[in-house]
Amino acid sequence: MPYRNDIINFHEPPVPEGQSPYVPGAGPSQHVEVVDWSEVWPERFELLAERVQGALGWRALVIEHVGSTAVRGLPAKPIIDIDLIVADPNEELAYIPALERMGFELRVREPWWFGHRVLRHLDPTCHLHVFGYDSPEVVKHRIFRDWLRANPSDRNLYAETKREAAALARDAGEHSMQYNARKEVVIREIYHRAFVANGASQGLGAILEGTPPAARVRGERLAWSLVGDVLSPLTEWD
């Protein structure tokens with residue numbers, strides 16, 4: 001299980017010298033499109049989840065619909081974000097060939113960031129984020145998703161932020177990661193409120209720039225039941 005301190009802080013290790021998170025031929029999307037929420041998105045997730053489960057069987061420990069397409073009423077890029085938890089994402093032969101036979105394609109490899117991989121599927125369009133069972137990112141994603149589902153004011157704030165960021169990114173000719181950067185301040189503000197509401201208010205000094213340091217967090221493991229049922233929103237890849 002991830003530690004509480006790992007969940008409430010943001011880990012952004014630099015890319016090791018001479019390496020790239022993208023596999024050859026891949027890179028951030030040059031087209032940023034945010035559309036109204038669609039009733040078909042949950043159905044597309046179910047279809048994709050069946051394909052992943054069918055490919056991996058017991059090796060798929062968790063298959064979770066995350067990101068904006070998982071939040072009813074929230075505008076989003078029309079790409080289904082899914083978190084897949086496997087025993088060890090660095091053991092690619094244990095899951096990638098089987099997923100490739102189902103139409104998924106490896107696009108991102110980040111062993112330095114919780115073993116993160118991203119596989120793309122084109123029909124339906126999907127980004128499949130692969131993490132290990134001990135990654136704090138999957139817990140973050142669930143917290144963010146569930147908070148937006150339950151809190152209309154932050155859902156509306158994030159919707160407005162996404163539309164504005166997409167418009168500015170298109171006008172500036174920016175790619176998808178630059179679009180994500182435009183949302184970052186608001187995303188962390190929302191996370192701050194969600195973490196406090198979940199009782200994880202200690203140690204939030206690193207989350208928002210200028211936030212006073214909080215009490216030191218004990219190395220206490222956070223049970224899955226505490227946080228409820230998150231493309232890191234900061235890591236929407238293409």
# chains A, B, ... in the order shown; residues from 1 in each chain; ligands from 1
$ residues_around --residues "segment 117-128 of chain A" --least-positions-apart "2" --cutoff "6 Å" --atoms "only C-alpha atoms" --output "MDAnalysis selection string"
chainID A and resid 79:82 104:109 130
$ select_by_dssp --residues "segment 53-188 of chain A" --states "strand (DSSP E)" --output "number ranges by chain"
A: 62-66, 80-86, 105-110, 116-122, 125-132
$ atom_distance --atom1 "atom CA of Ala172 of chain A" --atom2 "atom CA of Ser68 of chain A"
23.2 Å
$ residues_around --residues "Pro97 of chain A" --least-positions-apart "3" --cutoff "12 Å" --atoms "only C-alpha atoms" --output "PyMOL selection string"
chain A and resi 52+55-56+91-94+100-106+119
$ write_last_selection --atoms "N, CA and C atoms" --output "PDB file, in the first residue's frame"
ATOM      1  N   VAL A  52      -9.211  -5.503 -21.644  1.00  0.00           N
ATOM      2  CA  VAL A  52      -8.021  -5.614 -20.791  1.00  0.00           C
ATOM      3  C   VAL A  52      -8.129  -6.850 -19.909  1.00  0.00           C
ATOM      4  N   ALA A  55      -7.579  -9.945 -21.870  1.00  0.00           N
ATOM      5  CA  ALA A  55      -6.182 -10.136 -22.263  1.00  0.00           C
ATOM      6  C   ALA A  55      -5.312 -10.613 -21.111  1.00  0.00           C
ATOM      7  N   LEU A  56      -5.580 -10.087 -19.913  1.00  0.00           N
ATOM      8  CA  LEU A  56      -4.656 -10.318 -18.798  1.00  0.00           C
ATOM      9  C   LEU A  56      -5.180 -11.265 -17.733  1.00  0.00           C
ATOM     10  N   GLU A  91       7.958  -5.420 -15.535  1.00  0.00           N
ATOM     11  CA  GLU A  91       7.986  -6.738 -16.183  1.00  0.00           C
ATOM     12  C   GLU A  91       7.051  -6.690 -17.386  1.00  0.00           C
ATOM     13  N   GLU A  92       7.476  -6.010 -18.440  1.00  0.00           N
ATOM     14  CA  GLU A  92       6.597  -5.728 -19.575  1.00  0.00           C
ATOM     15  C   GLU A  92       6.113  -6.985 -20.288  1.00  0.00           C
ATOM     16  N   LEU A  93       6.933  -8.026 -20.322  1.00  0.00           N
ATOM     17  CA  LEU A  93       6.528  -9.238 -21.030  1.00  0.00           C
ATOM     18  C   LEU A  93       5.330  -9.923 -20.375  1.00  0.00           C
ATOM     19  N   ALA A  94       5.039  -9.553 -19.123  1.00  0.00           N
ATOM     20  CA  ALA A  94       3.931 -10.179 -18.418  1.00  0.00           C
ATOM     21  C   ALA A  94       2.579  -9.611 -18.835  1.00  0.00           C
ATOM     22  N   GLU A 100      -1.133  -5.844 -26.587  1.00  0.00           N
ATOM     23  CA  GLU A 100      -0.916  -5.510 -28.002  1.00  0.00           C
ATOM     24  C   GLU A 100      -1.819  -6.345 -28.902  1.00  0.00           C
ATOM     25  N   ARG A 101      -2.059  -7.589 -28.529  1.00  0.00           N
ATOM     26  CA  ARG A 101      -2.952  -8.439 -29.327  1.00  0.00           C
ATOM     27  C   ARG A 101      -4.392  -7.948 -29.281  1.00  0.00           C
ATOM     28  N   MET A 102      -4.705  -7.105 -28.298  1.00  0.00           N
ATOM     29  CA  MET A 102      -6.032  -6.506 -28.180  1.00  0.00           C
ATOM     30  C   MET A 102      -6.104  -5.105 -28.786  1.00  0.00           C
ATOM     31  N   GLY A 103      -5.039  -4.690 -29.469  1.00  0.00           N
ATOM     32  CA  GLY A 103      -5.054  -3.396 -30.146  1.00  0.00           C
ATOM     33  C   GLY A 103      -4.422  -2.265 -29.394  1.00  0.00           C
ATOM     34  N   PHE A 104      -3.783  -2.536 -28.241  1.00  0.00           N
ATOM     35  CA  PHE A 104      -3.101  -1.489 -27.490  1.00  0.00           C
ATOM     36  C   PHE A 104      -1.663  -1.353 -27.992  1.00  0.00           C
ATOM     37  N   GLU A 105      -1.129  -0.143 -27.892  1.00  0.00           N
ATOM     38  CA  GLU A 105       0.219   0.168 -28.377  1.00  0.00           C
ATOM     39  C   GLU A 105       0.985   0.942 -27.308  1.00  0.00           C
ATOM     40  N   LEU A 106       2.160   0.469 -26.930  1.00  0.00           N
ATOM     41  CA  LEU A 106       2.978   1.153 -25.928  1.00  0.00           C
ATOM     42  C   LEU A 106       3.460   2.492 -26.461  1.00  0.00           C
ATOM     43  N   LEU A 119      -0.255   2.860 -22.610  1.00  0.00           N
ATOM     44  CA  LEU A 119      -0.570   2.217 -23.884  1.00  0.00           C
ATOM     45  C   LEU A 119      -1.781   2.922 -24.479  1.00  0.00           C
TER      46      LEU A 119
END
$ closest_atom_pairs --of "segment 20-121 of chain A" --to "segment 157-170 of chain A" --cutoff "8 Å" --atoms "only C-alpha atoms" --output "CSV"
residue,atom,partner,partner_atom,distance
A:His31,CA,A:Arg170,CA,7.6
A:Val32,CA,A:Ala166,CA,6.1
A:Glu33,CA,A:Ala166,CA,6.6
A:Val34,CA,A:Arg163,CA,6.5
A:Leu74,CA,A:Ala159,CA,5.9
A:Pro75,CA,A:Ala159,CA,6.0
A:Ala76,CA,A:Lys162,CA,7.7
$ closest_residue --among "A:Ser135, A:Asn9, A:Ser29, A:Asn198" --to "His175 of chain A" --atoms "only C-alpha atoms"
A:Ser29
$ residues_around --residues "Leu148 of chain A" --least-positions-apart "6" --cutoff "7 Å" --atoms "only C-alpha atoms" --output "MDAnalysis selection string"
chainID A and resid 71 154:155
$ atom_distance --atom1 "atom CA of Asn151 of chain A" --atom2 "atom CA of Pro136 of chain A"
22.5 Å
